[in-house]
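**Q** Sharing data-v3.tsv, TSV, C-alpha atoms and all ligand atoms:
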```tsv
chain	number	residue	atom	x	y	z
A	1	MET	CA	157.36	-137.17	-13.81
A	2	PRO	CA	154.47	-138.92	-12.02
A	3	ASP	CA	153.29	-136.58	-9.24
A	4	VAL	CA	152.88	-138.03	-5.76
A	5	ALA	CA	149.12	-138.66	-6.12
A	6	ALA	CA	149.43	-140.23	-9.59
A	7	LYS	CA	152.37	-142.35	-8.42
A	8	SER	CA	150.56	-143.72	-5.39
A	9	ALA	CA	147.56	-144.59	-7.60
A	10	ALA	CA	149.73	-146.39	-10.19
A	11	LEU	CA	150.96	-149.91	-9.57
A	12	PRO	CA	154.72	-150.36	-9.84
A	13	LYS	CA	155.99	-151.70	-13.13
A	14	LEU	CA	159.07	-153.19	-11.47
A	15	GLU	CA	159.55	-154.22	-7.84
A	16	VAL	CA	162.72	-155.41	-6.17
A	17	CYS	CA	161.64	-156.95	-2.87
A	18	GLN	CA	164.09	-157.65	-0.04
A	19	VAL	CA	166.81	-158.76	-2.45
A	20	SER	CA	170.09	-159.89	-0.90
A	21	LYS	CA	173.02	-161.57	-2.60
A	22	SER	CA	176.10	-163.30	-1.22
A	23	TYR	CA	178.90	-165.12	-2.97
A	24	ARG	CA	181.17	-167.71	-1.43
A	25	VAL	CA	184.72	-166.53	-2.12
A	26	GLN	CA	187.65	-168.70	-0.93
A	27	GLY	CA	185.43	-170.37	1.66
A	28	LYS	CA	184.12	-167.07	3.05
A	29	LEU	CA	180.71	-165.54	2.47
A	30	LEU	CA	180.91	-162.17	0.69
A	31	GLN	CA	177.68	-160.21	1.07
A	32	VAL	CA	177.27	-158.06	-2.04
A	33	LEU	CA	173.67	-156.83	-1.66
A	34	ASP	CA	171.72	-156.38	1.55
A	35	GLU	CA	167.93	-156.18	1.50
A	36	ILE	CA	167.39	-154.02	-1.55
A	37	ASN	CA	163.87	-152.68	-1.95
A	38	LEU	CA	162.99	-150.63	-5.00
A	39	GLU	CA	159.81	-149.75	-6.89
A	40	ILE	CA	159.77	-148.24	-10.35
A	41	PHE	CA	156.55	-146.86	-11.72
A	42	PRO	CA	155.33	-146.91	-15.33
A	43	ARG	CA	157.15	-144.37	-17.52
A	44	GLU	CA	159.76	-143.57	-14.87
A	45	PHE	CA	163.46	-143.32	-15.63
A	46	VAL	CA	165.41	-144.32	-12.53
A	47	CYS	CA	169.18	-144.41	-12.13
A	48	LEU	CA	171.30	-146.19	-9.53
A	49	VAL	CA	174.66	-144.61	-8.81
A	50	GLY	CA	177.41	-146.01	-6.65
A	51	ALA	CA	181.13	-146.57	-6.39
A	52	SER	CA	182.82	-149.28	-8.40
A	53	GLY	CA	182.21	-152.68	-6.82
A	54	CYS	CA	179.17	-151.65	-4.73
A	55	GLY	CA	176.99	-154.24	-6.46
A	56	LYS	CA	175.21	-152.24	-9.18
A	57	SER	CA	175.74	-154.81	-11.95
A	58	THR	CA	174.85	-157.65	-9.60
A	59	LEU	CA	171.56	-155.95	-8.80
A	60	LEU	CA	170.76	-155.24	-12.45
A	61	ASN	CA	171.65	-158.82	-13.41
A	62	ILE	CA	169.30	-160.09	-10.69
A	63	VAL	CA	166.52	-157.86	-12.07
A	64	ALA	CA	167.29	-159.19	-15.57
A	65	GLY	CA	167.07	-162.75	-14.23
A	66	LEU	CA	170.65	-163.52	-15.23
A	67	VAL	CA	171.82	-164.00	-11.62
A	68	PRO	CA	169.62	-165.59	-8.92
A	69	PRO	CA	169.25	-163.61	-5.67
A	70	SER	CA	170.25	-165.37	-2.41
A	71	SER	CA	166.92	-164.15	-1.02
A	72	GLY	CA	164.10	-161.86	-2.09
A	73	GLU	CA	162.37	-161.54	-5.43
A	74	VAL	CA	161.80	-159.37	-8.47
A	75	ARG	CA	158.32	-158.64	-9.84
A	76	VAL	CA	157.19	-157.15	-13.12
A	77	ASP	CA	153.57	-155.95	-13.13
A	78	GLY	CA	153.11	-157.74	-9.81
A	79	GLN	CA	154.28	-161.15	-11.10
A	80	VAL	CA	157.43	-162.74	-9.71
A	81	VAL	CA	159.97	-163.29	-12.48
A	82	PRO	CA	161.92	-166.52	-12.08
A	83	GLY	CA	164.55	-165.85	-14.80
A	84	PRO	CA	165.26	-163.85	-17.95
A	85	GLY	CA	162.26	-162.85	-20.07
A	86	ALA	CA	161.17	-160.67	-22.98
A	87	ASP	CA	159.48	-158.34	-20.48
A	88	ARG	CA	162.95	-156.99	-19.55
A	89	GLY	CA	165.21	-155.69	-22.35
A	90	MET	CA	168.88	-155.32	-21.48
A	91	VAL	CA	171.63	-153.06	-22.81
A	92	PHE	CA	175.16	-153.75	-21.56
A	93	GLN	CA	178.25	-151.54	-21.43
A	94	SER	CA	180.33	-153.61	-23.79
A	95	TYR	CA	179.17	-153.97	-27.33
A	96	THR	CA	177.16	-157.14	-27.49
A	97	LEU	CA	176.11	-157.12	-31.14
A	98	TYR	CA	176.64	-160.28	-33.17
A	99	PRO	CA	179.49	-159.36	-35.55
A	100	TRP	CA	178.36	-161.82	-38.24
A	101	LEU	CA	174.86	-160.29	-38.46
A	102	THR	CA	173.91	-157.00	-40.11
A	103	VAL	CA	172.42	-154.16	-38.08
A	104	ALA	CA	168.89	-155.14	-39.16
A	105	GLN	CA	169.53	-158.83	-38.35
A	106	ASN	CA	170.88	-157.86	-34.93
A	107	VAL	CA	167.74	-155.85	-34.19
A	108	ALA	CA	165.57	-158.74	-35.44
A	109	PHE	CA	167.36	-161.29	-33.27
A	110	GLY	CA	164.88	-161.40	-30.37
A	111	LEU	CA	161.93	-161.30	-32.78
A	112	GLN	CA	163.22	-164.39	-34.56
A	113	LEU	CA	163.46	-166.17	-31.22
A	114	GLN	CA	159.79	-165.31	-30.71
A	115	ASN	CA	158.99	-166.80	-34.15
A	116	MET	CA	157.43	-163.55	-35.28
A	117	PRO	CA	156.28	-163.68	-38.93
A	118	LYS	CA	158.97	-162.27	-41.28
A	119	ALA	CA	156.88	-159.34	-42.59
A	120	GLN	CA	156.07	-158.21	-39.06
A	121	GLN	CA	159.76	-158.55	-38.10
A	122	GLN	CA	160.78	-156.31	-41.00
A	123	GLU	CA	158.20	-153.71	-40.06
A	124	ARG	CA	159.29	-153.75	-36.40
A	125	VAL	CA	163.00	-153.56	-37.29
A	126	ALA	CA	162.38	-150.66	-39.71
A	127	TYR	CA	160.44	-148.79	-37.03
A	128	TYR	CA	163.14	-149.13	-34.36
A	129	LEU	CA	166.01	-148.41	-36.75
A	130	HIS	CA	164.18	-145.22	-37.68
A	131	THR	CA	163.64	-144.46	-33.96
A	132	VAL	CA	167.39	-144.66	-33.28
A	133	GLY	CA	168.27	-142.85	-36.54
A	134	LEU	CA	170.06	-145.76	-38.22
A	135	THR	CA	167.77	-146.62	-41.14
A	136	GLN	CA	170.61	-146.04	-43.59
A	137	PHE	CA	172.81	-148.56	-41.77
A	138	ALA	CA	170.37	-151.49	-41.85
A	139	GLY	CA	172.68	-153.54	-44.08
A	140	ALA	CA	175.95	-152.56	-42.35
A	141	TYR	CA	177.92	-154.88	-40.07
A	142	PRO	CA	178.83	-153.87	-36.48
A	143	LYS	CA	182.53	-153.41	-37.33
A	144	GLN	CA	181.52	-150.61	-39.74
A	145	LEU	CA	179.85	-148.62	-36.92
A	146	SER	CA	181.21	-146.20	-34.30
A	147	GLY	CA	180.82	-147.03	-30.59
A	148	GLY	CA	177.82	-144.70	-30.21
A	149	MET	CA	176.10	-146.23	-33.25
A	150	LYS	CA	176.67	-149.75	-31.89
A	151	GLN	CA	174.97	-148.76	-28.65
A	152	ARG	CA	172.05	-147.28	-30.60
A	153	VAL	CA	171.67	-150.64	-32.37
A	154	ALA	CA	171.81	-152.41	-28.98
A	155	ILE	CA	169.07	-150.08	-27.71
A	156	ALA	CA	166.96	-150.71	-30.85
A	157	ARG	CA	167.43	-154.47	-30.35
A	158	ALA	CA	166.36	-154.22	-26.71
A	159	LEU	CA	163.29	-152.11	-27.61
A	160	ALA	CA	162.24	-154.23	-30.59
A	161	THR	CA	160.68	-156.95	-28.43
A	162	LYS	CA	158.64	-154.22	-26.68
A	163	PRO	CA	159.82	-154.96	-23.15
A	164	GLU	CA	157.93	-153.64	-20.12
A	165	VAL	CA	161.21	-152.35	-18.66
A	166	LEU	CA	164.50	-151.37	-20.25
A	167	LEU	CA	167.55	-152.27	-18.11
A	168	MET	CA	170.79	-150.48	-18.92
A	169	ASP	CA	174.17	-151.34	-17.40
A	170	GLU	CA	176.55	-148.38	-17.93
A	171	PRO	CA	175.53	-148.21	-21.60
A	172	PHE	CA	177.78	-145.23	-22.37
A	173	GLY	CA	180.68	-146.19	-20.09
A	174	ALA	CA	182.96	-147.15	-22.97
A	175	LEU	CA	182.33	-144.01	-25.06
A	176	ASP	CA	184.47	-140.86	-25.28
A	177	ALA	CA	183.15	-137.78	-23.45
A	178	GLN	CA	181.67	-136.07	-26.52
A	179	THR	CA	179.91	-139.18	-27.87
A	180	LYS	CA	178.67	-139.92	-24.37
A	181	GLU	CA	176.94	-136.51	-24.18
A	182	GLN	CA	175.42	-137.02	-27.62
A	183	MET	CA	174.10	-140.40	-26.50
A	184	GLN	CA	172.67	-138.89	-23.31
A	185	GLN	CA	170.77	-136.37	-25.43
A	186	PHE	CA	169.71	-139.18	-27.77
A	187	LEU	CA	168.45	-141.33	-24.86
A	188	GLN	CA	166.64	-138.36	-23.32
A	189	ASP	CA	164.85	-137.70	-26.66
A	190	LEU	CA	164.11	-141.41	-27.09
A	191	TRP	CA	162.56	-141.60	-23.64
A	192	GLN	CA	160.44	-138.52	-24.45
A	193	GLN	CA	159.16	-140.37	-27.55
A	194	THR	CA	158.62	-143.83	-26.08
A	195	HIS	CA	158.14	-143.17	-22.35
A	196	ILE	CA	159.42	-146.63	-21.63
A	197	THR	CA	160.17	-147.52	-18.00
A	198	VAL	CA	163.94	-147.54	-17.49
A	199	LEU	CA	166.29	-148.73	-14.76
A	200	MET	CA	169.86	-147.70	-15.53
A	201	ILE	CA	173.06	-147.98	-13.57
A	202	THR	CA	175.94	-145.61	-13.94
A	203	HIS	CA	178.73	-144.15	-11.89
A	204	ASP	CA	178.41	-140.86	-13.76
A	205	VAL	CA	176.42	-138.60	-11.44
A	206	GLU	CA	175.74	-135.95	-14.13
A	207	GLU	CA	174.42	-138.61	-16.49
A	208	ALA	CA	172.12	-139.97	-13.76
A	209	ILE	CA	170.67	-136.52	-12.97
A	210	TYR	CA	170.31	-135.53	-16.61
A	211	LEU	CA	168.36	-138.66	-17.54
A	212	SER	CA	166.28	-139.59	-14.51
A	213	GLN	CA	163.25	-138.69	-12.50
A	214	ARG	CA	164.82	-140.36	-9.46
A	215	VAL	CA	168.35	-141.29	-8.49
A	216	HIS	CA	169.17	-143.92	-5.88
A	217	VAL	CA	172.58	-143.74	-4.25
A	218	MET	CA	174.11	-147.10	-3.32
A	219	SER	CA	176.57	-147.69	-0.50
A	220	SER	CA	179.23	-150.40	-0.61
A	221	ARG	CA	180.05	-153.60	1.25
A	222	PRO	CA	177.35	-154.66	1.40
A	223	GLY	CA	175.46	-152.76	-1.30
A	224	ARG	CA	172.46	-150.93	0.11
A	225	LEU	CA	170.24	-148.19	-1.25
A	226	LYS	CA	171.17	-145.38	1.08
A	227	GLN	CA	169.47	-142.33	-0.40
A	228	GLU	CA	166.71	-141.56	-2.87
A	229	VAL	CA	167.02	-138.21	-4.61
A	230	PRO	CA	164.00	-136.97	-6.61
A	231	ILE	CA	165.11	-135.06	-9.69
A	232	ASP	CA	162.68	-132.16	-9.90
A	233	LEU	CA	163.87	-130.83	-13.24
A	234	PRO	CA	161.69	-130.12	-16.31
A	235	GLU	CA	160.79	-133.22	-18.35
A	236	GLN	CA	162.16	-131.71	-21.56
A	237	ARG	CA	165.90	-131.37	-21.07
A	238	ASP	CA	168.85	-130.25	-23.10
A	239	LEU	CA	172.54	-130.41	-22.28
A	240	ASP	CA	172.69	-126.75	-21.13
A	241	LEU	CA	170.61	-127.83	-18.14
A	242	LYS	CA	173.81	-129.35	-16.72
A	243	LEU	CA	175.05	-125.79	-16.07
A	244	SER	CA	171.94	-124.62	-14.18
A	245	PRO	CA	172.03	-123.93	-10.41
A	246	GLU	CA	169.29	-126.56	-9.80
A	247	PHE	CA	171.33	-129.22	-11.59
A	248	LEU	CA	174.54	-128.32	-9.76
A	249	SER	CA	172.77	-128.40	-6.42
A	250	LEU	CA	171.47	-131.95	-7.14
A	251	LYS	CA	174.97	-132.96	-8.23
A	252	ARG	CA	176.43	-131.63	-4.98
A	253	GLU	CA	173.81	-133.50	-2.91
A	254	ILE	CA	174.49	-136.82	-4.67
A	255	LEU	CA	178.28	-136.44	-4.59
A	256	HIS	CA	178.12	-135.74	-0.84
A	257	SER	CA	175.95	-138.79	-0.35
A	258	LEU	CA	178.40	-140.94	-2.30
A	259	ARG	CA	181.35	-139.68	-0.25
A	260	GLU	CA	179.72	-140.18	3.17
B	1	LIG	N1	180.33	-164.31	-9.51
B	1	LIG	C1	180.91	-163.66	-8.50
B	1	LIG	N2	181.61	-164.34	-7.54
B	1	LIG	C2	182.18	-163.68	-6.52
B	1	LIG	N3	182.12	-162.35	-6.33
B	1	LIG	C3	181.46	-161.63	-7.23
B	1	LIG	C4	180.82	-162.24	-8.36
B	1	LIG	N4	180.21	-161.27	-9.09
B	1	LIG	C5	180.46	-160.10	-8.44
B	1	LIG	N5	181.21	-160.31	-7.34
B	1	LIG	C6	181.68	-159.30	-6.40
B	1	LIG	O1	180.56	-158.51	-6.02
B	1	LIG	C7	180.93	-157.17	-5.82
B	1	LIG	C8	180.03	-156.27	-6.63
B	1	LIG	O2	180.29	-156.45	-8.03
B	1	LIG	P1	179.48	-155.67	-9.16
B	1	LIG	O3	180.10	-155.99	-10.45
B	1	LIG	O4	178.03	-155.93	-8.98
B	1	LIG	O5	179.76	-154.15	-8.75
B	1	LIG	P2	179.51	-152.80	-9.59
B	1	LIG	O6	179.01	-151.80	-8.61
B	1	LIG	O7	178.68	-153.08	-10.76
B	1	LIG	O8	180.99	-152.44	-10.05
B	1	LIG	P3	181.49	-151.65	-11.36
B	1	LIG	O9	180.90	-150.26	-11.28
B	1	LIG	O10	182.97	-151.63	-11.19
B	1	LIG	O11	181.02	-152.42	-12.56
B	1	LIG	C9	182.40	-157.06	-6.18
B	1	LIG	O12	183.16	-157.10	-4.99
B	1	LIG	C10	182.65	-158.30	-7.02
B	1	LIG	O13	183.97	-158.73	-6.89
```
What would the structure in this file look like if it were written as structure tokens?
Ligand SMILES: Nc1ncnc2c1ncn2[C@@H]1O[C@H](COP(=O)(O)OP(=O)(O)OP(=O)(O)O)[C@@H](O)[C@H]1O
**A**
Amino acid sequence: MPDVAAKSAALPKLEVCQVSKSYRVQGKLLQVLDEINLEIFPREFVCLVGASGCGKSTLLNIVAGLVPPSSGEVRVDGQVVPGPGADRGMVFQSYTLYPWLTVAQNVAFGLQLQNMPKAQQQERVAYYLHTVGLTQFAGAYPKQLSGGMKQRVAIARALATKPEVLLMDEPFGALDAQTKEQMQQFLQDLWQQTHITVLMITHDVEEAIYLSQRVHVMSSRPGRLKQEVPIDLPEQRDLDLKLSPEFLSLKREILHSLRE
């Protein structure tokens, strides 16, 4: 975790500046997000937690450039981002692999769009398939994979273009409890290896604490960031940590904040 001095010296990797979002629904203005300000520093893993419908996906989609904000802006390395870009890799909750492409072709998809030479693509794909432990499944099709494996392919695909920030929208929300815990351990280990900057949304408080250095709690209607909770737990984590008094105390604090 960046200590306070190191953090203040570093420039933010990702900035969400005064972002608000409203939709017009049946002639009325529905304010979904109200003046969201957020800074994420290089190598940080930050989670947003909030009740269903509080605007988490809307915020992440704005950061990804998939939805325009009504006001405010998003910056990566200090530059305003006007739309989607290879600097932000995205992993969604639902499986978004192309069923007609093999695992390796799915991971190569963004590289092809960048017109990367074939040999370099193969090298990059092999590296990221190894990173997510799926080398043996390079030639398999998505329908031959379990839910957890599909999400590992989606993560490899998002990482393959070497984004500055990885954005994750409830990536384990569709998995059973046991697979979900395995994937949390997998993502924790992956982050230890790559130290990529991550912004993830989840409504699973334990998952947020286990994975992050900071958790932001969102309130609803309109969505606001109401509390920032630093997660002062050791960087190296295993699942037993979830039973420790420090972990349970953080969980209590965040659950209380969500209920207020
Ligand atoms: N395109 C849209 N038009 C109108 N309203 C929308 C649109 N997209 C989202 N909303 C509304 O914005 C609010 C926030 O939705 P959003 O999906 O961002 O919440 P969320 O916190 O991600 O919810 P969940 O955890 O259930 O996925 C909801 O009330 C939703 O109905």
**Q** So that all listed atoms of ligand LIG 1 (chain B) fit with 3 Å spare on each side, what axis-aligned box centre and edge lengths in Å, to one decimal, would you give as AutoDock Vina command-line options?
**A**
```
--center_x 181.0 --center_y -157.3 --center_z -8.8 --size_x 11.9 --size_y 20.1 --size_z 13.6
```
**Q** Please give me, as a list in words, the residues lying within 6 Å of ligand LIG 1 (chain B) when counting all atoms listed in the file.
**A**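 Taking all atoms listed in the file into account, the residues around ligand LIG 1 (chain B) at most 6 Å away are Tyr23, Val25, Val32, Ser52, Gly53, Cys54, Gly55, Lys56, Ser57 and Thr58 of chain A.
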**Q** Using all atoms listed in the file, what table do you get, as CSV, when you list each residue of segment 10-121 of chain A with an atom no more than 6 Å from segment 212-223 of chain A, its nearest pair of atoms, and their distance in Å rounded to one decimal, rows by chain then rising number?
**A**
```
residue,atom,partner,partner_atom,distance
A:Gln31,CA,A:Pro222,CA,5.6
A:Val32,CA,A:Pro222,CA,4.8
A:Leu33,CA,A:Gly223,CA,4.5
A:Asp34,CA,A:Pro222,CA,5.9
A:Phe45,CA,A:Ser212,CA,4.8
A:Val46,CA,A:Arg214,CA,5.0
A:Cys47,CA,A:Val215,CA,4.9
A:Leu48,CA,A:His216,CA,4.8
A:Val49,CA,A:Val217,CA,5.1
A:Gly50,CA,A:Met218,CA,4.8
A:Cys54,CA,A:Ser220,CA,4.3
A:Gly55,CA,A:Gly223,CA,5.6
```
**Q** Keeping only C-alpha atoms, write the selected residues as a compact mmCIF listing (two decimals), in the coordinates of the input.
**A**
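Result file is selection14.txt:
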```txt
# COMPACT_ATOMS: atom_id res chain seq x y z
CA GLN A 31 177.68 -160.21 1.07
CA VAL A 32 177.27 -158.06 -2.04
CA LEU A 33 173.67 -156.83 -1.66
CA ASP A 34 171.72 -156.38 1.55
CA PHE A 45 163.46 -143.32 -15.63
CA VAL A 46 165.41 -144.32 -12.53
CA CYS A 47 169.18 -144.41 -12.13
CA LEU A 48 171.30 -146.19 -9.53
CA VAL A 49 174.66 -144.61 -8.81
CA GLY A 50 177.41 -146.01 -6.65
CA CYS A 54 179.17 -151.65 -4.73
CA GLY A 55 176.99 -154.24 -6.46
```
**Q** Calculate how many Å separate atom CA of Ser244 of chain A from atom CA of Gln185 of chain A, rounding to one decimal.
**A**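 Rounded to one decimal, the two atoms are 16.3 Å apart.
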**Q** Would you mind reading off the distance between atom CA of Ile231 of chain A and atom CA of Ala174 of chain A, one decimal, in Å?
**A**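 Separation between atom CA of Ile231 of chain A and atom CA of Ala174 of chain A: 25.3 Å.
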**Q** Just to confirm, what's the straight-line distance from atom CA of Asp169 of chain A to atom CA of Glu246 of chain A in Å (one decimal)?
**A**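 Taking atom CA of Asp169 of chain A and atom CA of Glu246 of chain A, their separation equals 26.4 Å.
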**Q** What would the list of residues within 10 Å of (170.7, -157.7, -3.2) (file frame) look like as a ChimeraX atom specification, if all atoms listed in the file are what count?
**A** /A:16-22,31-37,55-56,58-60,62-63,68-73,222-225
**Q** Quick one: everything within 12 Å of Gln114 of chain A, counting all atoms listed in the file, minus sequence neighbours fewer than 2 positions away in the same chain. Send it as a PyMOL selection string.
**A** chain A and resi 85-86+108-112+116-118+120-121+160-162
**Q** Find the residue from A:Gly78, A:Glu15, A:Val107, A:Gln136 that sits nearest to Glu123 of chain A; use all atoms listed in the file when measuring.
**A**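 Of the candidates, the smallest distance to Glu123 of chain A is held by A:Val107.
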**Q** Point out the residue among A:Ala208, A:Met90, A:Leu30, A:Val80 with the least atom-to-atom distance to Lys242 of chain A, counting only C-alpha atoms.
**A**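 Comparing A:Ala208, A:Met90, A:Leu30, A:Val80 against Lys242 of chain A, the winner is A:Ala208.
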**Q** Have a look at A:Val67, A:Val132, A:Leu167, A:Ile201 and name the one nearest to Gln188 of chain A; count only C-alpha atoms.
**A** A:Val132
**Q** Between A:Val76, A:Ile196, A:Leu239, A:Ala158, single out the one closest to Gln182 of chain A, counting all atoms listed in the file.
**A**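 When distances to Gln182 of chain A are compared using all atoms listed in the file, the smallest one comes from A:Leu239.
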**Q** Please list, as a PyMOL selection string, the residues that have an atom at most 12 Å away from (175.5, -141.7, -25.2) in the coordinates of this file, counting all atoms listed in the file.
**A** chain A and resi 93+132+146-152+154-155+168+170-190+202+204+207+210-211
